[in-house]
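> Supplied structure: target-v3.csv, CSV, C-alpha atoms.
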```
chain,number,residue,atom,x,y,z
V,1,MET,CA,139.8,50.4,15.6
V,2,GLY,CA,136.8,48.2,15.2
V,3,ILE,CA,136.1,44.8,16.6
V,4,MET,CA,136.7,43.2,13.2
V,5,ASP,CA,140.2,44.6,13.2
V,6,ILE,CA,140.9,43.2,16.6
V,7,LEU,CA,139.7,39.8,15.5
V,8,ARG,CA,141.8,39.8,12.4
V,9,ARG,CA,144.9,40.6,14.3
V,10,LYS,CA,144.6,37.4,16.4
V,11,LYS,CA,147.2,34.8,15.6
V,12,GLY,CA,146.3,31.4,14.3
V,13,PRO,CA,143.5,30.6,11.9
V,14,ALA,CA,141.0,33.4,11.6
V,15,PRO,CA,137.8,32.6,13.6
V,16,GLU,CA,134.8,32.0,11.5
V,17,VAL,CA,132.7,35.1,11.6
V,18,ILE,CA,129.1,34.4,10.9
V,19,PRO,CA,127.1,37.6,11.2
V,20,SER,CA,123.4,36.9,11.0
V,21,ASN,CA,123.0,40.0,8.8
V,22,PRO,CA,126.0,40.7,6.6
V,23,GLY,CA,127.8,43.7,8.1
V,24,ASP,CA,126.1,43.6,11.4
V,25,ASP,CA,128.8,43.7,14.1
V,26,LEU,CA,126.3,43.2,16.9
V,27,HIS,CA,125.9,39.5,16.0
V,28,LEU,CA,129.5,38.6,16.0
V,29,LEU,CA,130.5,35.1,17.0
V,30,GLY,CA,126.9,33.9,17.0
V,31,GLY,CA,125.8,36.6,19.4
V,32,SER,CA,128.4,35.9,22.1
V,33,VAL,CA,129.9,39.4,21.7
V,34,ILE,CA,128.0,42.6,22.5
V,35,LEU,CA,129.1,46.1,21.9
V,36,THR,CA,128.4,48.8,24.4
V,37,LYS,CA,129.8,51.9,26.0
V,38,LEU,CA,131.8,51.3,29.1
V,39,GLN,CA,129.8,53.9,31.0
V,40,ALA,CA,126.5,52.4,30.0
V,41,ILE,CA,127.4,48.9,31.1
V,42,ASN,CA,128.9,50.2,34.3
V,43,SER,CA,125.7,52.1,35.1
V,44,TRP,CA,123.7,49.0,34.2
V,45,GLY,CA,125.7,47.1,36.7
V,46,ARG,CA,125.3,49.7,39.3
V,47,LYS,CA,121.6,50.1,39.0
V,48,TYR,CA,121.0,46.4,39.7
V,49,SER,CA,123.4,46.1,42.6
V,50,PHE,CA,122.5,48.8,45.1
V,51,PHE,CA,124.1,48.2,48.5
V,52,GLN,CA,121.9,50.2,50.8
V,53,TYR,CA,122.5,51.8,54.1
V,54,PRO,CA,119.2,51.8,56.0
V,55,PHE,CA,119.1,55.0,58.1
V,56,VAL,CA,115.9,54.0,59.8
V,57,THR,CA,114.7,56.4,62.5
V,58,ALA,CA,110.9,56.1,62.8
V,59,CYS,CA,107.8,54.2,62.0
V,60,CYS,CA,108.5,54.1,58.2
V,61,GLY,CA,111.0,51.5,59.2
V,62,MET,CA,108.1,49.0,59.5
V,63,GLU,CA,107.1,49.7,55.9
V,64,PHE,CA,110.8,49.4,54.9
V,65,MET,CA,110.9,45.9,56.5
V,66,SER,CA,107.7,45.0,54.6
V,67,VAL,CA,109.1,46.1,51.3
V,68,ALA,CA,112.5,44.4,52.0
V,69,GLY,CA,110.9,41.2,53.2
V,70,PRO,CA,109.8,38.2,51.1
V,71,LYS,CA,106.3,39.5,50.0
V,72,TYR,CA,107.5,42.6,48.1
V,73,ASP,CA,111.2,41.6,48.0
V,74,LEU,CA,113.5,44.4,47.0
V,75,ASP,CA,116.0,41.7,46.1
V,76,ARG,CA,114.1,41.3,42.8
V,77,PHE,CA,115.5,44.7,41.9
V,78,GLY,CA,118.9,44.0,43.1
V,79,ALA,CA,118.6,46.2,46.2
V,80,ALA,CA,118.4,43.6,48.9
V,81,LEU,CA,121.6,43.7,50.8
V,82,PRO,CA,121.7,46.2,53.6
V,83,ARG,CA,125.2,47.2,54.7
V,84,PHE,CA,125.5,48.5,58.2
V,85,SER,CA,128.7,50.4,57.4
V,86,PRO,CA,128.3,53.4,55.2
V,87,ARG,CA,131.7,52.7,53.7
V,88,GLN,CA,130.3,49.6,52.0
V,89,ALA,CA,127.0,51.2,50.8
V,90,ASP,CA,126.1,53.3,47.8
V,91,LEU,CA,122.4,53.9,48.4
V,92,LEU,CA,121.4,55.8,51.5
V,93,MET,CA,117.8,55.0,52.5
V,94,VAL,CA,116.6,57.7,54.9
V,95,VAL,CA,113.6,56.1,56.4
V,96,GLY,CA,111.7,58.3,58.9
V,97,THR,CA,111.8,61.6,60.7
V,98,ILE,CA,115.1,63.4,61.1
V,99,SER,CA,115.4,65.5,64.1
V,100,HIS,CA,117.8,68.3,64.5
V,101,LYS,CA,119.9,66.2,66.9
V,102,GLN,CA,120.0,63.5,64.3
V,103,ALA,CA,120.9,65.8,61.4
V,104,PRO,CA,124.7,65.9,62.0
V,105,ILE,CA,124.8,62.1,62.2
V,106,LEU,CA,122.9,61.8,58.9
V,107,VAL,CA,125.3,64.2,57.2
V,108,LYS,CA,128.3,62.3,58.7
V,109,VAL,CA,127.0,59.0,57.4
V,110,TYR,CA,126.4,60.5,54.0
V,111,ASN,CA,129.9,61.9,53.9
V,112,GLN,CA,131.4,58.5,54.9
V,113,MET,CA,129.8,56.7,52.0
V,114,ALA,CA,132.1,56.2,49.0
V,115,GLU,CA,131.2,57.7,45.6
V,116,PRO,CA,129.2,57.2,43.6
V,117,LYS,CA,126.3,57.3,46.0
V,118,TRP,CA,122.6,58.0,45.9
V,119,VAL,CA,120.0,59.1,48.5
V,120,PHE,CA,116.5,57.8,48.8
V,121,ALA,CA,114.1,59.9,50.9
V,122,PHE,CA,111.6,57.4,52.2
V,123,GLY,CA,108.4,58.8,53.6
V,124,VAL,CA,107.0,62.3,53.9
V,125,CYS,CA,109.0,63.1,57.0
V,126,ALA,CA,112.3,62.6,55.2
V,127,VAL,CA,110.9,64.3,52.1
V,128,SER,CA,109.7,67.5,53.8
V,129,GLY,CA,109.4,67.1,57.5
V,130,GLY,CA,105.8,65.9,57.1
V,131,PHE,CA,103.4,67.3,59.6
V,132,TYR,CA,106.2,67.7,62.1
V,133,ASP,CA,106.6,71.4,61.4
V,134,ASN,CA,108.1,72.2,64.8
V,135,TYR,CA,111.2,73.2,66.6
V,136,ALA,CA,112.8,69.8,66.6
V,137,THR,CA,112.4,68.3,63.1
V,138,VAL,CA,114.4,68.9,60.0
V,139,GLN,CA,112.1,70.2,57.2
V,140,GLY,CA,113.2,67.7,54.6
V,141,ILE,CA,116.6,66.0,54.3
V,142,ASP,CA,117.4,67.9,51.1
V,143,THR,CA,118.2,70.8,53.4
V,144,LEU,CA,121.2,68.7,54.5
V,145,ILE,CA,122.3,66.4,51.7
V,146,PRO,CA,121.4,66.0,48.0
V,147,VAL,CA,118.5,63.7,47.4
V,148,ASP,CA,118.0,61.6,44.3
V,149,ILE,CA,114.5,60.2,44.7
V,150,TYR,CA,111.6,61.4,46.9
V,151,VAL,CA,108.9,58.9,47.9
V,152,PRO,CA,106.2,60.6,50.0
V,153,GLY,CA,103.5,58.8,51.9
V,154,CYS,CA,102.9,58.2,55.6
V,155,PRO,CA,104.2,55.6,55.3
V,156,PRO,CA,104.6,54.9,51.5
V,157,ARG,CA,103.0,51.7,50.2
V,158,PRO,CA,105.6,49.1,49.1
V,159,GLU,CA,104.4,49.7,45.6
V,160,MET,CA,105.5,53.3,45.9
V,161,VAL,CA,108.9,52.3,47.2
V,162,ILE,CA,109.4,49.9,44.4
V,163,ASP,CA,108.3,52.5,41.9
V,164,GLY,CA,110.7,54.9,43.4
V,165,LEU,CA,113.5,52.4,43.2
V,166,ILE,CA,112.8,51.7,39.6
V,167,ARG,CA,112.9,55.4,38.9
V,168,LEU,CA,116.2,55.6,40.7
V,169,GLN,CA,117.5,52.8,38.6
V,170,GLN,CA,116.5,54.7,35.5
V,171,LYS,CA,118.2,57.8,36.8
V,172,VAL,CA,121.4,55.7,37.5
V,173,ALA,CA,121.2,54.2,34.0
V,174,ALA,CA,121.0,57.6,32.5
V,175,GLY,CA,123.7,59.1,34.7
V,176,ASN,CA,127.1,60.1,33.7
V,177,TRP,CA,130.5,59.5,35.3
V,178,SER,CA,130.9,63.3,35.4
V,179,ASP,CA,128.1,63.4,38.0
V,180,PHE,CA,130.5,62.1,40.6
V,181,PRO,CA,132.1,62.8,42.9
V,182,LYS,CA,129.4,64.9,44.5
V,183,GLY,CA,131.6,65.9,47.4
V,184,ALA,CA,130.9,66.2,51.1
V,185,SER,CA,127.9,68.0,52.5
V,186,PRO,CA,128.5,70.7,55.2
V,187,VAL,CA,128.0,69.5,58.7
V,188,SER,CA,125.4,71.8,60.1
V,189,PRO,CA,127.3,75.1,60.0
V,190,VAL,CA,126.5,77.4,62.8
V,191,CYS,CA,125.5,80.7,61.4
V,192,ASP,CA,123.5,83.7,62.5
V,193,ILE,CA,120.0,83.8,61.1
V,194,GLU,CA,117.4,85.7,63.1
S,1,MET,CA,89.6,62.2,106.1
S,2,GLU,CA,92.5,59.9,105.7
S,3,ALA,CA,93.3,61.2,102.2
S,4,ASN,CA,94.0,64.7,103.6
S,5,VAL,CA,96.6,63.7,106.1
S,6,THR,CA,99.3,65.5,104.2
S,7,ILE,CA,97.4,68.7,103.6
S,8,ASN,CA,96.4,68.9,107.2
S,9,LYS,CA,99.9,68.4,108.4
S,10,LEU,CA,101.3,71.0,106.0
S,11,ASN,CA,98.6,73.5,107.0
S,12,THR,CA,99.4,73.0,110.6
S,13,ARG,CA,103.2,73.2,110.3
S,14,PHE,CA,103.7,75.6,107.3
S,15,SER,CA,100.6,77.8,107.5
S,16,GLU,CA,102.6,80.8,106.3
S,17,SER,CA,104.1,79.0,103.3
S,18,ILE,CA,101.0,77.3,101.8
S,19,VAL,CA,99.4,79.6,99.2
S,20,GLU,CA,96.5,77.3,98.4
S,21,THR,CA,95.4,73.6,98.7
S,22,HIS,CA,92.8,71.5,97.0
S,23,SER,CA,91.9,67.9,96.9
S,24,TYR,CA,90.0,67.1,93.7
S,25,ARG,CA,88.9,63.4,93.5
S,26,GLY,CA,91.6,62.3,95.9
S,27,ASP,CA,94.4,64.2,94.2
S,28,ASP,CA,95.9,66.2,97.0
S,29,THR,CA,97.6,69.4,95.9
S,30,ALA,CA,99.4,72.2,97.7
S,31,ILE,CA,100.6,75.4,96.1
S,32,VAL,CA,103.6,76.6,98.1
S,33,ARG,CA,105.7,79.7,98.2
S,34,LYS,CA,108.9,79.0,96.3
S,35,GLU,CA,111.1,80.3,99.1
S,36,ASP,CA,110.0,77.5,101.4
S,37,LEU,CA,110.0,74.8,98.9
S,38,LEU,CA,113.1,73.0,100.1
S,39,GLU,CA,112.0,73.0,103.7
S,40,ILE,CA,108.5,71.6,102.8
S,41,CYS,CA,110.0,69.0,100.6
S,42,THR,CA,112.4,67.8,103.2
S,43,PHE,CA,109.5,67.6,105.7
S,44,LEU,CA,107.4,65.6,103.3
S,45,ARG,CA,110.2,63.2,102.7
S,46,ASP,CA,111.3,62.8,106.3
S,47,ASP,CA,108.1,63.0,108.4
S,48,LYS,CA,107.3,59.6,109.9
S,49,GLU,CA,103.7,59.8,109.0
S,50,LEU,CA,104.3,60.9,105.4
S,51,LEU,CA,107.5,59.4,104.0
S,52,TYR,CA,107.2,60.7,100.5
S,53,ASN,CA,110.4,58.9,99.4
S,54,PHE,CA,109.6,58.8,95.7
S,55,MET,CA,109.8,61.9,93.5
S,56,MET,CA,107.8,60.6,90.5
S,57,ASP,CA,107.6,63.5,88.2
S,58,LEU,CA,108.6,67.1,87.9
S,59,THR,CA,107.4,69.4,85.1
S,60,ALA,CA,106.5,73.0,84.5
S,61,VAL,CA,103.5,74.8,83.0
S,62,ASP,CA,103.5,78.1,81.2
S,63,TYR,CA,100.5,80.3,81.9
S,64,LEU,CA,101.3,83.1,79.5
S,65,GLY,CA,99.6,86.3,80.5
S,66,ARG,CA,99.3,85.3,84.2
S,67,GLU,CA,101.6,86.6,86.9
S,68,PRO,CA,103.5,84.7,88.1
S,69,ARG,CA,103.8,83.2,84.7
S,70,PHE,CA,105.2,79.7,85.4
S,71,GLU,CA,104.3,76.9,87.7
S,72,VAL,CA,106.6,74.1,88.6
S,73,VAL,CA,104.8,70.9,89.5
S,74,TYR,CA,106.2,68.1,91.6
S,75,HIS,CA,104.5,64.7,91.9
S,76,LEU,CA,105.4,62.7,95.0
S,77,TYR,CA,104.7,59.2,96.1
S,78,SER,CA,105.0,57.5,99.4
S,79,LEU,CA,105.9,53.8,99.0
S,80,ALA,CA,105.3,53.3,102.7
S,81,PHE,CA,101.7,54.6,102.8
S,82,ASN,CA,100.7,54.2,99.1
S,83,ARG,CA,99.9,57.9,99.0
S,84,ARG,CA,100.4,60.5,96.3
S,85,PHE,CA,100.8,64.2,96.7
S,86,ARG,CA,101.3,67.1,94.3
S,87,ILE,CA,103.2,70.3,95.1
S,88,LYS,CA,103.1,73.3,92.8
S,89,THR,CA,105.1,76.5,93.2
S,90,ARG,CA,104.8,79.6,91.1
S,91,VAL,CA,107.7,81.2,89.4
S,92,SER,CA,107.6,84.6,87.8
S,93,GLU,CA,109.3,85.4,84.5
S,94,SER,CA,111.4,88.2,85.9
S,95,ASP,CA,112.8,86.0,88.7
S,96,CYS,CA,112.8,82.8,86.7
S,97,CYS,CA,114.4,80.5,89.2
S,98,VAL,CA,113.6,78.0,91.9
S,99,ASP,CA,115.6,75.9,94.4
S,100,SER,CA,116.7,72.6,93.0
S,101,ILE,CA,115.3,69.6,94.9
S,102,VAL,CA,118.1,67.3,93.8
S,103,PRO,CA,119.6,67.3,97.3
S,104,ILE,CA,116.3,65.9,98.5
S,105,TRP,CA,115.4,63.5,95.7
S,106,VAL,CA,118.2,62.5,93.3
S,107,SER,CA,115.6,61.5,90.7
S,108,ALA,CA,114.8,65.1,90.1
S,109,ASN,CA,118.1,65.6,88.4
S,110,TRP,CA,117.1,64.9,84.8
S,111,PHE,CA,113.6,66.3,85.3
S,112,GLU,CA,114.9,69.6,86.3
S,113,ARG,CA,117.3,69.6,83.3
S,114,GLU,CA,114.3,68.9,81.1
S,115,ALA,CA,112.2,71.7,82.6
S,116,TYR,CA,115.2,74.1,82.2
S,117,ASP,CA,115.7,72.9,78.6
S,118,LEU,CA,112.1,73.4,77.5
S,119,TYR,CA,110.9,76.3,79.8
S,120,GLY,CA,114.1,78.1,80.7
S,121,ILE,CA,113.5,77.9,84.5
S,122,ILE,CA,116.7,78.0,86.5
S,123,PHE,CA,117.0,75.4,89.3
S,124,LYS,CA,119.4,76.9,91.8
S,125,GLY,CA,121.8,74.4,93.3
S,126,HIS,CA,121.4,71.8,90.5
S,127,PRO,CA,124.7,69.9,90.1
S,128,GLU,CA,124.7,70.1,86.3
S,129,LEU,CA,122.1,72.3,84.8
S,130,ARG,CA,122.5,72.0,81.1
S,131,ARG,CA,120.2,71.0,78.2
S,132,ILE,CA,119.1,67.4,78.1
S,133,LEU,CA,116.8,66.9,75.2
S,134,LEU,CA,117.9,69.7,72.8
S,135,TYR,CA,121.4,70.4,71.8
S,136,GLU,CA,123.9,73.0,72.8
S,137,GLY,CA,123.4,76.1,70.7
S,138,PHE,CA,119.6,75.8,70.5
S,139,GLN,CA,118.2,79.2,70.8
S,140,GLY,CA,115.2,79.7,73.2
S,141,HIS,CA,113.0,77.4,75.1
S,142,PRO,CA,110.5,75.8,72.8
S,143,LEU,CA,107.7,74.9,75.3
S,144,ARG,CA,107.2,78.5,76.3
S,145,LYS,CA,104.0,79.7,74.9
S,146,ASP,CA,105.7,82.7,73.2
S,147,TYR,CA,108.2,80.6,71.4
S,148,PRO,CA,107.4,81.4,67.7
S,149,ILE,CA,105.7,78.5,66.1
S,150,ASN,CA,107.6,78.8,62.8
S,151,LYS,CA,111.0,79.7,64.3
S,152,ARG,CA,113.9,78.0,62.6
S,153,GLN,CA,117.1,77.1,64.5
S,154,PRO,CA,120.1,78.4,62.7
S,155,GLN,CA,122.3,75.3,63.1
S,156,ILE,CA,120.4,73.0,60.9
S,157,GLY,CA,120.9,73.7,57.2
S,158,PRO,CA,120.6,76.9,55.3
S,159,THR,CA,116.8,76.8,54.9
S,160,ASN,CA,115.5,75.1,58.0
```
Show me the file's structure as structure tokens.

Amino acid sequence: MGIMDILRRKKGPAPEVIPSNPGDDLHLLGGSVILTKLQAINSWGRKYSFFQYPFVTACCGMEFMSVAGPKYDLDRFGAALPRFSPRQADLLMVVGTISHKQAPILVKVYNQMAEPKWVFAFGVCAVSGGFYDNYATVQGIDTLIPVDIYVPGCPPRPEMVIDGLIRLQQKVAAGNWSDFPKGASPVSPVCDIE
Amino acid sequence: MEANVTINKLNTRFSESIVETHSYRGDDTAIVRKEDLLEICTFLRDDKELLYNFMMDLTAVDYLGREPRFEVVYHLYSLAFNRRFRIKTRVSESDCCVDSIVPIWVSANWFEREAYDLYGIIFKGHPELRRILLYEGFQGHPLRKDYPINKRQPQIGPTN
């Protein structure tokens, strides 16, 4: 059923339909009606309203404050509001080095977030462990949880973070509902690897 | 020399137990036999002319390839006399234990746990000798020189 049929079924005098181009449904009612897919407009809303959970563990946090502050202002991209409960957040910003002791906490926070959710690896330590190739550091958070966007740098410049955020927005806009739920990540299984 | 008061007293009183002493640029150091560690520490704390009442630091060193392999290092400070003193004791790998000094200085508690955690040295008589920095289930003691540099702990993810 098309929009024209819906309009025709309304009671009372038929509204005056003035398409700018004859037969062009996109300009119904003088342009006050738009047609889209529900998934597309939903993704459009999501990508401009990230509620982020800042999981800030190290020096990258200073750069995160810089990019979140007035000068670079993540609010321009709709990602300004940090939630300090993972239940209320849909973007997990992992900012800084993740140690082995921190790893189960990170996974727990990720699992507590409601779907749909995205993960932003901020800085080279979160991306790959950085130069901390040692006994105490997780070699990239993607060994623990799925990561949507990687922003390297030690620390990354605010421009890089904004670029990463825009790419994440593009990814969200192109995403499908069938991508979610992603499910829980395993909490550090103890296994025998020698 | 005033700075060597402690070394002189130790040499007089514990001549059998002192392996070696030196005093480089005012840093007085005595290397003692580990069997007599508790006795010497108690003396250092309680002697009226020393009164080392502050155990500032305790750590260990791994001299891989040397026998005995490990050295446990104690840094003491006397608030009464504004004096510092360093004791070392050597610990072999086969008998990797030393008496805990927690009964003498309570502040040694966490230091000894740290040394145990990272070097695997057992402190006999410690009230609660378990890992302090690393987690339960960590395999090995990472500050030992023979800890593999690229060893991955099994608990953290499939590929770490």
> Could you state the separation of CA of Pro156 (chain V) and CA of Asp75 (chain V) in Å, given to one decimal place?
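Distance reported for this atom pair: 18.3 Å.
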> Calculated over all atoms listed in the file, which of the candidates S:Leu64, S:Asp27, S:Glu39, S:Ile149 has the smallest distance to Phe14 (chain S)?
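Using all atoms listed in the file, the shortest distance to Phe14 (chain S) belongs to S:Glu39.
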> Which of these residues is nearest to Lys48 (chain S), using all atoms listed in the file: S:His141, S:Arg113, S:Lys9, S:Arg130?
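Smallest distance to Lys48 (chain S) is found for S:Lys9.
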> For a test of reading the model, state the distance in Å between CA of Trp118 (chain V) and CA of Val151 (chain V), rounded to one decimal.
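Distance reported for this atom pair: 13.9 Å.
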> In Å, how far is it from CA of Ala114 (chain V) to CA of Pro186 (chain V)?
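Pair CA of Ala114 (chain V) / CA of Pro186 (chain V) returns 16.2 Å.
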> Using only C-alpha atoms, which of S:Ser23, S:Leu118, S:Phe123, S:Thr29 sits nearest chain V?
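The shortest atom-to-atom distance to chain V comes from S:Leu118.
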> In terms of the shortest atom-to-atom distance over only C-alpha atoms, which of S:Arg13, S:Arg152, S:Lys34, S:Arg66 is closest to chain V?
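Result for the nearest residue to chain V: S:Arg152.
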> Out of V:Gln102, V:Gly129, V:Lys182, V:Phe122, which residue has the shortest atom-to-atom distance to Leu134 (chain S) when counting all atoms listed in the file?
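Among V:Gln102, V:Gly129, V:Lys182, V:Phe122, it is V:Gln102 that comes nearest to Leu134 (chain S).
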> Excluding Met55 (chain S) and its own-chain neighbours fewer than 4 positions away, which residues fall within 7 Å of it when counting all atoms listed in the file? Please give them as a ChimeraX atom specification.
/S:75-77,105,107-108
> Looking at all atoms listed in the file, which of V:Ala126, V:Leu144, V:Ile105, V:Leu81 is the one that sits closest to chain S?
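Of V:Ala126, V:Leu144, V:Ile105, V:Leu81, the one nearest chain S is V:Leu144, counting all atoms listed in the file.
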> Neighbourhood query: residues within 12 Å of (117.4, 82.8, 88.0), file coordinates, counting all atoms listed in the file; return as a list in words.
Val91, Ser92, Glu93, Ser94, Asp95, Cys96, Cys97, Val98, Asp99, Ser100, Tyr116, Gly120, Ile121, Ile122, Phe123, Lys124, Gly125, His126 and Leu129 of chain S
> Taking (106.2, 56.7, 102.5) in the file's coordinates, which residues come within 7 Å, counting only C-alpha atoms, written as a PyMOL selection string?
chain S and resi 50-53+78-82
